[in-house]
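These notes are about the structure you will find just below.
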Amino acid sequence: MSSTIWSVDEHLDDILAAVKPLDPIELQLPDAQGCVLVEDVVVEVALPPFDNSSMDGYAVRISDVEGASEDFPAVLTVVGDVAAGDTGLADGRSVGPGEAARIMTGAPLPAGAEAVVPVEWTDGGTGGGPADTMRAHSDAPEGASGEVRVHRSVKARAHVRAKGSDVRPGDLALRAGSVVGPPQIGLLAAIGRSTVKVRPRPRVVVLSTGSELAQPGEELTGGRIYDSNSFALTAAARDAGAIAYRVPAVADDAETLRATIEDQLIRADIVVTTGGVSVGAYDVVKEALSSVTSVHPAGGDEADSGVDFRKLAMQPGKPQGFGSIGPDHTPLLALPGNPVSSYVSFELFVRPAILTLMGLEDVHRPKVRATLSTDVPLTSPSGKRQFLRGTYDAEAGTVTPVGGPGSHLIAALAQADALIVLPEDVTSAEPGTEAEVILLR
C-alpha cells in the first residue's frame, strides 16, 4: 500500500486519466439503447415523407366549403377512401370541384385536395347531424361514396402535416455524444436508420468479499450479515448505464478470490470489488492482488502490482485501490466494505469511470450550493473531505442531513438523495450556512 495520503481529486484524476472510452461498434437499433453515438446522424429522407392528414375526416378543396355551416352545409360528392399506406385515391383521380375523399389519419393528401375537414365537422356521410366518428370501411363500404355534408369551413392546409415539417434531408438528426434513448431510437427508425455507430455499454463485474457475508434469503447464523454491497453497486452500475454482473460474495481466501476475478475478466470492461482493502489480517483483496503483475493504466511500465492500494483524505472511504489486471489490463477499483463507504466511493470514483468508458464528456453528478437545515453544527475531521448523507429541497434551496456519520448506517443512505460535502479545511459547519451538495437523483 502506498504511504502517500491521496486527495479525492488526485485519486479521481488518476482513474480518469487511465480509463479510456470503449472502441465504437455498429449496433442494431434495439441493441443501441443506452449507448453513446460516436458520429453525427444526418437525415436522408424527409419526415413526414409526404403531405398527410393529421385527422380522420374528408379531404376537400377550400372553395367548396367556404361559408359552410350546420344550417347551410356544403354538400360534396364522396369519390373514395384514402387510408394510411395508400398512395392516393384508388383510381388515381384527383379531388375535383364539389368533391371530397374520406381520409384517415396519416394517409397522404390526395391530388386536388387543399385541406382536411375533421369528421366531427361533417355528418359522416349519413345524411344526419354532426358525426361522432367515421364508420368503418368494412362495415359501410358505401361510406366511400355518396355525399357528405360539411358544417364548417377550413383554411388552406388545415389539418395537413406538410412533407418535411419534422425534419428534412440534410438536417442534423442527432449529434455525436448523444445517449441513445427511446425517443432517439424512434427518430432513427423514423428516418430509416436500422443501425448506428456507438460506444457499447460498459460491462461491469461487481463482487463483495467476506466470509461473514450471506445471501439475502438465506438463514443468518452467528456472526454473519447479509451481503448488501454487491446488490447496491450492481444496481448503481446499471443506473449509470452499464451492463452489470453481480458475483456472489467470495469468502476470505486469497486464492479463491484471485481465481474468481480471473474467471470474470472475460466479461468485464471494469471490475469493482468491495471489502478487503484495509489493514486487517483478513483483507484478502490486497493479499490476492498483491501478486498480480500488470501494467498500471496510469503508468505504462511493468509494475510489481497491478493494483495500488491507497489511503485517501476522505470520510467515509479512506482505503481505496485502483489499477489494472489481466492480459487486457482491465481496470479494477477496490472499494471499502462498509456499505456507506462503498456506495459513496462508487459515486465519486466508479460512476465517472463508467461514464468515461461510455464516451461521455460530462461524467460528474450535478453539484449545487444549499443552505444547511440542521439544529446542530456539522463536524468534520481536519484534513479530510467528508461526505454526509442528506435530503435536498430544490424549492427551498436547503439540504438536511440524514443519519449519523457512521459508515455502516445503510438505512439513512436509503433516505438520502444527496451528499453534503465538507472540505478538508472545514471542521464545523453551522446551521444556516451554505455547503456544496452532490445530487444523487
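Residues in the C-alpha cells are named by chain (A, B, ... in the order shown) and by number from 1 within that chain; ligands are numbered from 1 in the order shown.
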
Near Ala268 in chain A, within 7 Å and counting only C-alpha atoms, which residues show up once chain neighbours fewer than 5 positions away are dropped, as an NGL selection string?
:A and (203-205)

If DSSP is run on the backbone, what residues of range 46-110 of chain A are strand (DSSP E or B)? A reply as a PyMOL selection string would be ideal.
chain A and resi 47+52-53+57-60+74-82+99-103+108

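Residue neighbourhood of Val65 in chain A, excluding near-sequence residues (fewer than 5 positions): Ala74, Val150 and Ser153 of chain A, at 7 Å, using only C-alpha atoms.
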
Mind dumping the selected residues with N, CA and C atoms as a compact mmCIF listing (two decimals), in the first residue's frame?
```txt
# COMPACT_ATOMS: atom_id res chain seq x y z
N ALA A 74 -72.15 22.55 -46.79
CA ALA A 74 -71.67 22.30 -48.15
C ALA A 74 -71.87 20.81 -48.43
N VAL A 150 -70.75 19.09 -45.05
CA VAL A 150 -69.68 19.74 -44.27
C VAL A 150 -70.26 20.98 -43.60
N SER A 153 -66.20 25.71 -42.48
CA SER A 153 -65.17 25.98 -43.48
C SER A 153 -63.79 25.72 -42.87
```

Residue contacts of Val426 in chain A (10 Å, only C-alpha atoms) excluding same-chain residues fewer than 5 positions away, as a compact mmCIF listing (two decimals) with N, CA, C and O atoms, in the first residue's frame:
```
# COMPACT_ATOMS: atom_id res chain seq x y z
N LEU A 378 -22.52 20.77 11.97
CA LEU A 378 -21.96 19.54 11.43
C LEU A 378 -20.45 19.57 11.64
O LEU A 378 -19.80 20.57 11.34
N THR A 379 -19.90 18.49 12.16
CA THR A 379 -18.47 18.45 12.44
C THR A 379 -17.77 17.54 11.45
O THR A 379 -18.37 16.61 10.90
N SER A 380 -16.49 17.83 11.23
CA SER A 380 -15.72 17.04 10.27
C SER A 380 -14.26 17.05 10.72
O SER A 380 -13.76 18.07 11.21
N PRO A 381 -13.56 15.92 10.56
CA PRO A 381 -12.16 15.87 10.96
C PRO A 381 -11.29 16.76 10.08
O PRO A 381 -11.49 16.83 8.87
N SER A 382 -10.35 17.43 10.69
CA SER A 382 -9.45 18.31 9.95
C SER A 382 -8.61 17.52 8.96
O SER A 382 -8.14 16.41 9.26
N GLY A 383 -8.47 18.06 7.76
CA GLY A 383 -7.63 17.43 6.76
C GLY A 383 -8.33 16.38 5.93
O GLY A 383 -7.72 15.80 5.02
N LYS A 384 -9.61 16.12 6.19
CA LYS A 384 -10.36 15.13 5.42
C LYS A 384 -11.59 15.77 4.78
O LYS A 384 -12.23 16.63 5.39
N ARG A 385 -11.90 15.34 3.57
CA ARG A 385 -13.13 15.80 2.92
C ARG A 385 -14.24 14.83 3.33
O ARG A 385 -14.16 13.62 3.03
N GLN A 386 -15.24 15.35 3.99
CA GLN A 386 -16.31 14.49 4.49
C GLN A 386 -17.53 14.57 3.56
O GLN A 386 -17.87 15.64 3.05
N VAL A 421 -20.99 17.98 1.19
CA VAL A 421 -19.53 17.96 1.14
C VAL A 421 -18.97 19.00 2.10
O VAL A 421 -19.26 20.19 2.00
```

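Using only C-alpha atoms, the residues found no farther than 10 Å from Gly106 in chain A, other than those of its own chain fewer than 3 positions away, are A:Pro48, A:Phe50, A:Asp51, A:Asn52, A:Ser53, A:Ser54, A:Met55, A:Asp56, A:Val82, A:Ala83, A:Ala84, A:Gly85, A:Asp86, A:Ile103, A:Leu109, A:Val160, A:Arg161.
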
Please write the residues from the selection above to a file, keeping C-alpha atoms, as a PDB file, in the first residue's frame.
```pdb
ATOM      1  CA  PRO A  48     -43.001  13.010 -42.880  1.00  0.00           C
ATOM      2  CA  PHE A  50     -45.336  13.257 -47.919  1.00  0.00           C
ATOM      3  CA  ASP A  51     -48.190  15.639 -47.101  1.00  0.00           C
ATOM      4  CA  ASN A  52     -50.593  13.680 -44.888  1.00  0.00           C
ATOM      5  CA  SER A  53     -53.697  14.114 -42.802  1.00  0.00           C
ATOM      6  CA  SER A  54     -53.492  14.748 -39.065  1.00  0.00           C
ATOM      7  CA  MET A  55     -57.193  13.869 -38.625  1.00  0.00           C
ATOM      8  CA  ASP A  56     -59.808  11.361 -39.685  1.00  0.00           C
ATOM      9  CA  VAL A  82     -57.578   7.215 -48.735  1.00  0.00           C
ATOM     10  CA  ALA A  83     -56.179   5.115 -45.895  1.00  0.00           C
ATOM     11  CA  ALA A  84     -52.755   5.140 -44.247  1.00  0.00           C
ATOM     12  CA  GLY A  85     -50.415   3.228 -46.534  1.00  0.00           C
ATOM     13  CA  ASP A  86     -52.314   4.173 -49.710  1.00  0.00           C
ATOM     14  CA  ILE A 103     -59.196  10.302 -45.448  1.00  0.00           C
ATOM     15  CA  LEU A 109     -53.316  14.085 -49.068  1.00  0.00           C
ATOM     16  CA  VAL A 160     -52.345  18.659 -43.042  1.00  0.00           C
ATOM     17  CA  ARG A 161     -48.878  17.624 -41.913  1.00  0.00           C
TER      18      ARG A 161
END
```

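The protein and nucleic acid residues lying at most 6 Å from Leu207 in chain A are A:Ser230, A:Val247, A:Thr273, with only C-alpha atoms considered and sequence neighbours fewer than 6 positions away removed.
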
Output N, CA, C and O atoms of each residue in that selection to a file, as a PDB file, in the first residue's frame.
```
ATOM      1  N   SER A 230     -22.936  -5.783  -2.934  1.00  0.00           N
ATOM      2  CA  SER A 230     -22.919  -6.221  -4.332  1.00  0.00           C
ATOM      3  C   SER A 230     -24.245  -5.916  -5.017  1.00  0.00           C
ATOM      4  O   SER A 230     -24.273  -5.590  -6.219  1.00  0.00           O
ATOM      5  N   VAL A 247     -21.482 -10.890  -8.784  1.00  0.00           N
ATOM      6  CA  VAL A 247     -20.888 -12.170  -8.417  1.00  0.00           C
ATOM      7  C   VAL A 247     -21.188 -12.431  -6.939  1.00  0.00           C
ATOM      8  O   VAL A 247     -21.006 -11.531  -6.109  1.00  0.00           O
ATOM      9  N   THR A 273     -14.592  -4.306  -6.710  1.00  0.00           N
ATOM     10  CA  THR A 273     -14.670  -5.157  -5.528  1.00  0.00           C
ATOM     11  C   THR A 273     -15.006  -4.289  -4.322  1.00  0.00           C
ATOM     12  O   THR A 273     -14.710  -3.094  -4.299  1.00  0.00           O
TER      13      THR A 273
END
```

Val41 in chain A surroundings by only C-alpha atoms, 9 Å radius, close-in-sequence under 4 positions cut, as a short mmCIF file (atom, residue, chain, number, x, y, z; two decimals) with all heavy atoms, in the first residue's frame:
```cif
data_model
loop_
_atom_site.label_atom_id
_atom_site.label_comp_id
_atom_site.auth_asym_id
_atom_site.auth_seq_id
_atom_site.Cartn_x
_atom_site.Cartn_y
_atom_site.Cartn_z
N LEU A 37 -23.66 7.80 -29.13
CA LEU A 37 -23.31 7.94 -30.54
C LEU A 37 -21.89 8.47 -30.70
O LEU A 37 -21.47 9.37 -29.96
CB LEU A 37 -24.28 8.90 -31.23
CG LEU A 37 -25.71 8.41 -31.49
CD1 LEU A 37 -26.55 9.58 -31.99
CD2 LEU A 37 -25.71 7.28 -32.52
N ASP A 171 -30.78 17.62 -42.71
CA ASP A 171 -30.84 18.10 -41.33
C ASP A 171 -30.02 17.20 -40.41
O ASP A 171 -29.86 16.00 -40.66
CB ASP A 171 -32.29 18.11 -40.82
CG ASP A 171 -33.11 19.24 -41.41
OD1 ASP A 171 -32.53 20.11 -42.08
OD2 ASP A 171 -34.35 19.25 -41.19
N LEU A 172 -29.49 17.78 -39.34
CA LEU A 172 -28.81 17.00 -38.32
C LEU A 172 -29.85 16.40 -37.39
O LEU A 172 -30.56 17.13 -36.69
CB LEU A 172 -27.83 17.89 -37.54
CG LEU A 172 -27.05 17.21 -36.42
CD1 LEU A 172 -26.13 16.13 -36.98
CD2 LEU A 172 -26.25 18.24 -35.64
N ALA A 173 -29.95 15.08 -37.39
CA ALA A 173 -30.94 14.42 -36.52
C ALA A 173 -30.44 14.29 -35.10
O ALA A 173 -31.12 14.67 -34.14
CB ALA A 173 -31.28 13.04 -37.09
N LEU A 174 -29.23 13.76 -34.93
CA LEU A 174 -28.64 13.57 -33.61
C LEU A 174 -27.15 13.86 -33.68
O LEU A 174 -26.48 13.50 -34.65
CB LEU A 174 -28.85 12.13 -33.12
CG LEU A 174 -30.30 11.68 -32.87
CD1 LEU A 174 -30.34 10.19 -32.60
CD2 LEU A 174 -30.91 12.45 -31.70
N ARG A 175 -26.63 14.49 -32.65
CA ARG A 175 -25.21 14.81 -32.60
C ARG A 175 -24.41 13.67 -31.97
O ARG A 175 -24.91 12.94 -31.11
CB ARG A 175 -24.97 16.08 -31.78
CG ARG A 175 -25.54 17.34 -32.42
CD ARG A 175 -25.10 18.57 -31.64
NE ARG A 175 -25.66 19.78 -32.23
CZ ARG A 175 -25.12 20.41 -33.27
NH1 ARG A 175 -24.02 19.94 -33.83
NH2 ARG A 175 -25.69 21.51 -33.75
N ALA A 176 -23.17 13.54 -32.39
CA ALA A 176 -22.24 12.63 -31.72
C ALA A 176 -22.16 13.01 -30.25
O ALA A 176 -22.16 14.19 -29.89
CB ALA A 176 -20.86 12.73 -32.37
N LEU A 188 -34.48 7.62 -35.09
CA LEU A 188 -33.60 6.88 -36.01
C LEU A 188 -34.41 5.94 -36.89
O LEU A 188 -34.17 5.84 -38.10
CB LEU A 188 -32.54 6.12 -35.22
CG LEU A 188 -31.48 6.98 -34.54
CD1 LEU A 188 -30.71 6.17 -33.50
CD2 LEU A 188 -30.51 7.55 -35.57
N VAL A 196 -26.65 2.04 -35.92
CA VAL A 196 -25.90 3.26 -35.60
C VAL A 196 -24.55 2.86 -35.02
O VAL A 196 -24.38 1.77 -34.46
CB VAL A 196 -26.63 4.16 -34.58
CG1 VAL A 196 -27.76 4.93 -35.22
CG2 VAL A 196 -27.14 3.35 -33.39
#
```

Looking only at the backbone, which of the residues in range 114-294 of chain A does DSSP tag as alpha helix (DSSP H), as a PyMOL selection string?
chain A and resi 182-190+229-239+254-264+284-289

Between CA of Thr105 in chain A and CA of Ala46 in chain A, distance in Å (one decimal):
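About the pair CA of Thr105 in chain A and CA of Ala46 in chain A: they are 18.2 Å apart.
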
For a test of reading the model, state the distance in Å between CA of Pro216 in chain A and CA of Gly275 in chain A, rounded to one decimal.
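So the two atoms, CA of Pro216 in chain A and CA of Gly275 in chain A, lie 17.8 Å apart.
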
Pick from A:Thr209, A:Thr234, A:Gln415, A:Thr87, whichever lies nearest to Arg351 in chain A using only C-alpha atoms:
A:Thr234

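For the choices A:Gly124, A:Pro130, A:Pro182, A:Pro200, the atom-to-atom distance to Ile25 in chain A is smallest for A:Pro200 when using only C-alpha atoms.
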